[in-house]
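Source file: coords.cif. Holds: mmCIF, C-alpha atoms and all ligand atoms.
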data_start
loop_
_atom_site.label_atom_id
_atom_site.label_comp_id
_atom_site.auth_asym_id
_atom_site.auth_seq_id
_atom_site.Cartn_x
_atom_site.Cartn_y
_atom_site.Cartn_z
CA MET A 1 -51.74 281.40 20.14
CA THR A 2 -48.88 281.59 17.63
CA MET A 3 -47.12 283.94 20.00
CA ILE A 4 -47.44 281.47 22.86
CA LEU A 5 -46.12 278.66 20.65
CA ARG A 6 -43.15 280.80 19.59
CA LEU A 7 -42.43 281.75 23.17
CA SER A 8 -42.53 278.16 24.33
CA ALA A 9 -40.20 277.17 21.49
CA VAL A 10 -37.74 279.82 22.67
CA VAL A 11 -38.04 278.69 26.28
CA LEU A 12 -37.54 275.06 25.22
CA ALA A 13 -34.51 275.94 23.09
CA LEU A 14 -32.99 277.91 25.96
CA SER A 15 -33.50 275.15 28.49
CA VAL A 16 -32.09 272.49 26.12
CA SER A 17 -28.99 274.58 25.41
CA SER A 18 -28.41 275.30 29.09
CA ALA A 19 -28.83 271.61 29.93
CA LEU A 20 -26.29 270.69 27.24
CA ALA A 21 -23.90 273.34 28.48
CA ALA A 22 -24.26 272.21 32.09
CA GLU A 23 -20.86 271.62 33.58
CA PRO A 24 -20.25 270.45 37.11
CA PRO A 25 -20.42 273.52 39.34
CA LYS A 26 -17.11 274.75 40.69
CA GLY A 27 -17.13 274.23 44.41
CA ASP A 28 -15.21 276.04 47.12
CA ALA A 29 -13.05 273.48 48.96
CA ALA A 30 -12.66 275.61 52.13
CA LYS A 31 -16.43 276.03 52.49
CA GLY A 32 -16.82 272.35 51.62
CA ARG A 33 -14.54 271.40 54.50
CA GLU A 34 -16.77 273.41 56.88
CA SER A 35 -19.90 271.61 55.66
CA TYR A 36 -18.16 268.24 55.65
CA LEU A 37 -17.28 268.67 59.33
CA THR A 38 -20.60 270.16 60.47
CA LYS A 39 -23.14 268.13 58.45
CA GLY A 40 -22.18 264.68 59.67
CA CYS A 41 -19.96 263.41 56.81
CA SER A 42 -16.88 263.30 59.03
CA TYR A 43 -18.69 261.19 61.60
CA CYS A 44 -18.85 258.25 59.20
CA HIS A 45 -16.10 259.04 56.69
CA GLY A 46 -13.40 260.40 59.03
CA THR A 47 -12.24 264.00 59.54
CA VAL A 48 -10.04 263.96 56.43
CA GLY A 49 -12.05 261.40 54.47
CA GLN A 50 -9.93 258.52 55.70
CA GLY A 51 -13.00 256.35 56.47
CA GLY A 52 -13.42 253.94 59.33
CA GLY A 53 -15.68 256.10 61.56
CA GLY A 54 -19.20 255.78 62.90
CA ARG A 55 -21.37 252.78 63.64
CA THR A 56 -21.26 251.64 60.02
CA GLY A 57 -17.47 251.95 59.68
CA GLY A 58 -17.79 254.41 56.77
CA LEU A 59 -15.69 254.39 53.65
CA ARG A 60 -12.61 256.31 52.66
CA LEU A 61 -13.47 259.32 50.48
CA ALA A 62 -10.03 260.95 50.21
CA ASN A 63 -8.63 260.69 46.70
CA MET A 64 -11.43 258.38 45.52
CA ASP A 65 -11.68 260.30 42.24
CA ILE A 66 -15.49 260.34 42.15
CA GLY A 67 -17.17 262.58 39.54
CA TYR A 68 -19.60 265.30 40.61
CA GLU A 69 -22.69 263.58 39.13
CA ALA A 70 -21.99 260.29 40.92
CA PHE A 71 -21.21 262.19 44.12
CA LEU A 72 -24.47 264.17 43.94
CA ASN A 73 -26.38 260.98 43.20
CA GLN A 74 -24.91 259.19 46.22
CA LEU A 75 -25.95 262.09 48.49
CA ARG A 76 -29.49 262.32 47.11
CA HIS A 77 -30.04 258.55 46.73
CA PRO A 78 -27.55 256.60 48.85
CA VAL A 79 -27.26 252.98 47.82
CA ASN A 80 -27.30 251.39 51.23
CA GLU A 81 -26.93 252.60 54.83
CA MET A 82 -25.90 256.20 54.30
CA PRO A 83 -28.67 258.70 55.17
CA PRO A 84 -29.96 260.76 52.20
CA TYR A 85 -29.14 264.49 52.04
CA VAL A 86 -32.15 266.18 50.41
CA GLN A 87 -31.95 269.44 48.45
CA SER A 88 -33.64 271.46 51.23
CA ALA A 89 -31.09 270.31 53.79
CA MET A 90 -28.11 270.54 51.45
CA PRO A 91 -28.43 272.59 48.23
CA ASP A 92 -26.47 271.57 45.10
CA ALA A 93 -24.00 274.43 45.67
CA GLU A 94 -23.08 273.00 49.07
CA VAL A 95 -22.71 269.52 47.57
CA ALA A 96 -20.35 271.04 44.97
CA ASN A 97 -18.29 272.61 47.78
CA ILE A 98 -17.98 269.29 49.59
CA HIS A 99 -17.08 267.58 46.30
CA ALA A 100 -14.30 270.15 45.83
CA TYR A 101 -13.07 269.46 49.36
CA ILE A 102 -13.08 265.66 48.90
CA SER A 103 -11.26 266.05 45.58
CA SER A 104 -8.58 268.22 47.19
CA LEU A 105 -7.65 265.61 49.81
CA PRO A 106 -4.29 263.91 49.23
CA PRO A 107 -3.94 260.15 48.73
CA PRO A 108 -2.71 258.12 51.71
CA PRO A 109 1.10 257.96 52.05
CA ASP A 110 3.00 255.11 50.40
CA VAL A 111 3.49 252.22 52.84
CA LYS A 112 7.24 252.35 52.12
CA SER A 113 7.36 255.90 53.52
CA ILE A 114 6.07 254.78 56.96
CA PRO A 115 9.12 253.56 58.96
CA ILE A 116 7.25 251.35 61.43
CA LEU A 117 5.81 249.33 58.54
CA ASN A 118 9.23 248.72 57.04
CA ARG A 119 11.18 246.88 59.72
C1 LIG A 201 -24.33 257.55 59.10
C2 LIG A 201 -23.08 257.42 58.37
C3 LIG A 201 -22.85 258.28 57.13
C4 LIG A 201 -22.96 259.65 57.00
C5 LIG A 201 -23.43 260.65 58.03
C6 LIG A 201 -22.49 259.95 55.65
N1 LIG A 201 -22.15 258.80 55.00
FE1 LIG A 201 -21.46 258.66 53.10
N2 LIG A 201 -21.53 256.63 53.20
C7 LIG A 201 -21.86 255.90 54.34
C8 LIG A 201 -21.95 254.48 53.99
C9 LIG A 201 -22.30 253.35 54.95
C10 LIG A 201 -21.65 254.39 52.61
C11 LIG A 201 -21.65 253.10 51.74
C12 LIG A 201 -22.79 253.14 50.71
C13 LIG A 201 -24.14 253.47 51.27
O1 LIG A 201 -24.47 253.06 52.41
O2 LIG A 201 -24.91 254.17 50.58
C14 LIG A 201 -21.36 255.75 52.15
C15 LIG A 201 -20.99 256.08 50.87
C16 LIG A 201 -20.61 257.33 50.47
C17 LIG A 201 -20.06 257.66 49.17
C18 LIG A 201 -19.82 256.66 48.04
C19 LIG A 201 -18.48 256.01 48.26
C20 LIG A 201 -18.14 255.00 47.18
O3 LIG A 201 -17.12 254.32 47.35
O4 LIG A 201 -18.88 254.89 46.19
C21 LIG A 201 -19.83 259.00 49.16
C22 LIG A 201 -19.24 259.81 48.02
C23 LIG A 201 -20.26 259.54 50.45
N3 LIG A 201 -20.71 258.49 51.22
C24 LIG A 201 -20.17 260.86 50.82
C25 LIG A 201 -20.74 261.37 52.00
C26 LIG A 201 -20.83 262.80 52.29
C27 LIG A 201 -20.26 263.90 51.43
C28 LIG A 201 -21.50 262.91 53.48
C29 LIG A 201 -21.94 264.18 54.17
C30 LIG A 201 -22.71 265.12 53.40
C31 LIG A 201 -21.78 261.56 53.94
N4 LIG A 201 -21.31 260.67 53.00
C32 LIG A 201 -22.42 261.24 55.13
C33 LIG A 201 -22.10 256.41 55.59
C34 LIG A 201 -22.34 257.76 55.87
#
How does the structure come out when it is put into structure tokens?
Ligand code: HEC
Amino acid sequence: MTMILRLSAVVLALSVSSALAAEPPKGDAAKGRESYLTKGCSYCHGTVGQGGGGRTGGLRLANMDIGYEAFLNQLRHPVNEMPPYVQSAMPDAEVANIHAYISSLPPPPDVKSIPILNR
């Protein structure tokens, strides 16, 4: 019995320390781009995250500066019309890759740098 208690204390300590040490996983942006284009994200959010696509007129994701936790949460529990992406359909590692891809997208160009908008 004492042995079991000791073991569970060790297991508990290990899981607490790994939870505290948990950092957002490092994603692979190139793989994330693949998933982004093949798992439906681009349909609603545009091929380079520019937004404006799909029936719902999805939102811009490029350069939105969203943290991994908030990103993961939106995918697992979307607030409104976006379909949920469950763990079995999209594991955390794939979500991390897509997050890396989104984070790598450049901001839109400055309006002043677009000649037709400056006549
Ligand atoms: C059917 C259309 C659709 C698809 C497919 C879709 N989204 Fe969305 N997404 C939306 C809509 C609409 C919202 C606005 C909030 C909501 O409905 O939950 C949104 C919101 C978001 C947000 C939050 C934006 C903010 O400003 O807070 C993120 C991040 C996001 N989507 C990422 C993704 C990713 C990554 C994928 C693919 C794995 C994806 N979405 C697939 C429609 C879609």
Which residues are near ligand LIG 201 (chain A) - at most 10 Å, using only C-alpha atoms and all ligand atoms? Format: as a PyMOL selection string. chain A and resi 32-33+35-46+49+51-62+64-68+70-86+89-90+94-99+101-102
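Here atom CA of A:Ser104 is placed at a distance of 18.3 Å from atom CA of A:Asp92.
Atom CA of A:Pro107 to atom CA of A:Lys26 spans 21.2 Å [interatomic distance, one decimal].
Between atom CA of A:Ile114 and atom CA of A:Gln50 the separation is 16.5 Å.
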Produce the centre coordinates and the three edge lengths, each in Å to one decimal, of the box along x, y and z that contains all listed atoms of stretch 27-42 of chain A with 3 Å added on each side, as AutoDock Vina command-line options.
--center_x -17.9 --center_y 269.7 --center_z 52.4 --size_x 16.5 --size_y 18.7 --size_z 22.1
Using all atoms listed in the file, find the one residue out of A:Ser103, A:Ser113, A:Asn63, A:Thr47 that sits nearest to A:Asp28.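 The answer is A:Ser103, which sits nearest to A:Asp28.
Counting all atoms listed in the file, the residue from A:Gln87, A:Glu69, A:Arg119, A:Pro106 that sits nearest to A:Glu23 is A:Glu69.
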Reconstruct stretch 23-42 of chain A at the level of N, CA and C atoms, and format the result as a PDB file, keeping the file's coordinate frame.
ATOM      1  N   GLU A  23     -22.121 272.201  33.130  1.00  0.00           N
ATOM      2  CA  GLU A  23     -20.860 271.620  33.580  1.00  0.00           C
ATOM      3  C   GLU A  23     -20.969 271.456  35.084  1.00  0.00           C
ATOM      4  N   PRO A  24     -20.190 270.555  35.652  1.00  0.00           N
ATOM      5  CA  PRO A  24     -20.250 270.450  37.110  1.00  0.00           C
ATOM      6  C   PRO A  24     -19.906 271.785  37.740  1.00  0.00           C
ATOM      7  N   PRO A  25     -20.699 272.220  38.725  1.00  0.00           N
ATOM      8  CA  PRO A  25     -20.420 273.520  39.340  1.00  0.00           C
ATOM      9  C   PRO A  25     -19.070 273.502  40.046  1.00  0.00           C
ATOM     10  N   LYS A  26     -18.399 274.650  40.001  1.00  0.00           N
ATOM     11  CA  LYS A  26     -17.110 274.750  40.690  1.00  0.00           C
ATOM     12  C   LYS A  26     -17.365 274.978  42.169  1.00  0.00           C
ATOM     13  N   GLY A  27     -16.911 274.083  42.982  1.00  0.00           N
ATOM     14  CA  GLY A  27     -17.130 274.230  44.410  1.00  0.00           C
ATOM     15  C   GLY A  27     -15.966 274.935  45.088  1.00  0.00           C
ATOM     16  N   ASP A  28     -16.225 275.382  46.316  1.00  0.00           N
ATOM     17  CA  ASP A  28     -15.210 276.040  47.120  1.00  0.00           C
ATOM     18  C   ASP A  28     -14.766 275.042  48.202  1.00  0.00           C
ATOM     19  N   ALA A  29     -13.533 274.552  48.080  1.00  0.00           N
ATOM     20  CA  ALA A  29     -13.050 273.480  48.960  1.00  0.00           C
ATOM     21  C   ALA A  29     -13.036 273.888  50.438  1.00  0.00           C
ATOM     22  N   ALA A  30     -12.723 275.168  50.726  1.00  0.00           N
ATOM     23  CA  ALA A  30     -12.660 275.610  52.130  1.00  0.00           C
ATOM     24  C   ALA A  30     -14.052 275.593  52.757  1.00  0.00           C
ATOM     25  N   LYS A  31     -15.040 276.082  51.990  1.00  0.00           N
ATOM     26  CA  LYS A  31     -16.430 276.030  52.490  1.00  0.00           C
ATOM     27  C   LYS A  31     -16.887 274.584  52.597  1.00  0.00           C
ATOM     28  N   GLY A  32     -16.460 273.766  51.627  1.00  0.00           N
ATOM     29  CA  GLY A  32     -16.820 272.350  51.620  1.00  0.00           C
ATOM     30  C   GLY A  32     -16.314 271.640  52.863  1.00  0.00           C
ATOM     31  N   ARG A  33     -15.113 271.999  53.293  1.00  0.00           N
ATOM     32  CA  ARG A  33     -14.540 271.400  54.500  1.00  0.00           C
ATOM     33  C   ARG A  33     -15.418 271.717  55.710  1.00  0.00           C
ATOM     34  N   GLU A  34     -15.875 272.990  55.796  1.00  0.00           N
ATOM     35  CA  GLU A  34     -16.770 273.410  56.880  1.00  0.00           C
ATOM     36  C   GLU A  34     -18.023 272.530  56.910  1.00  0.00           C
ATOM     37  N   SER A  35     -18.669 272.407  55.739  1.00  0.00           N
ATOM     38  CA  SER A  35     -19.900 271.610  55.660  1.00  0.00           C
ATOM     39  C   SER A  35     -19.619 270.146  55.986  1.00  0.00           C
ATOM     40  N   TYR A  36     -18.524 269.650  55.437  1.00  0.00           N
ATOM     41  CA  TYR A  36     -18.160 268.240  55.650  1.00  0.00           C
ATOM     42  C   TYR A  36     -18.056 267.936  57.146  1.00  0.00           C
ATOM     43  N   LEU A  37     -17.485 268.886  57.896  1.00  0.00           N
ATOM     44  CA  LEU A  37     -17.280 268.670  59.330  1.00  0.00           C
ATOM     45  C   LEU A  37     -18.523 268.945  60.156  1.00  0.00           C
ATOM     46  N   THR A  38     -19.442 269.785  59.660  1.00  0.00           N
ATOM     47  CA  THR A  38     -20.600 270.160  60.470  1.00  0.00           C
ATOM     48  C   THR A  38     -21.890 269.427  60.072  1.00  0.00           C
ATOM     49  N   LYS A  39     -21.908 268.779  58.896  1.00  0.00           N
ATOM     50  CA  LYS A  39     -23.140 268.130  58.450  1.00  0.00           C
ATOM     51  C   LYS A  39     -23.100 266.606  58.571  1.00  0.00           C
ATOM     52  N   GLY A  40     -22.160 266.112  59.344  1.00  0.00           N
ATOM     53  CA  GLY A  40     -22.180 264.680  59.670  1.00  0.00           C
ATOM     54  C   GLY A  40     -21.281 263.783  58.832  1.00  0.00           C
ATOM     55  N   CYS A  41     -20.783 264.265  57.694  1.00  0.00           N
ATOM     56  CA  CYS A  41     -19.960 263.410  56.810  1.00  0.00           C
ATOM     57  C   CYS A  41     -18.770 262.837  57.576  1.00  0.00           C
ATOM     58  N   SER A  42     -18.112 263.719  58.352  1.00  0.00           N
ATOM     59  CA  SER A  42     -16.880 263.300  59.030  1.00  0.00           C
ATOM     60  C   SER A  42     -17.149 262.220  60.070  1.00  0.00           C
TER      61      SER A  42
END
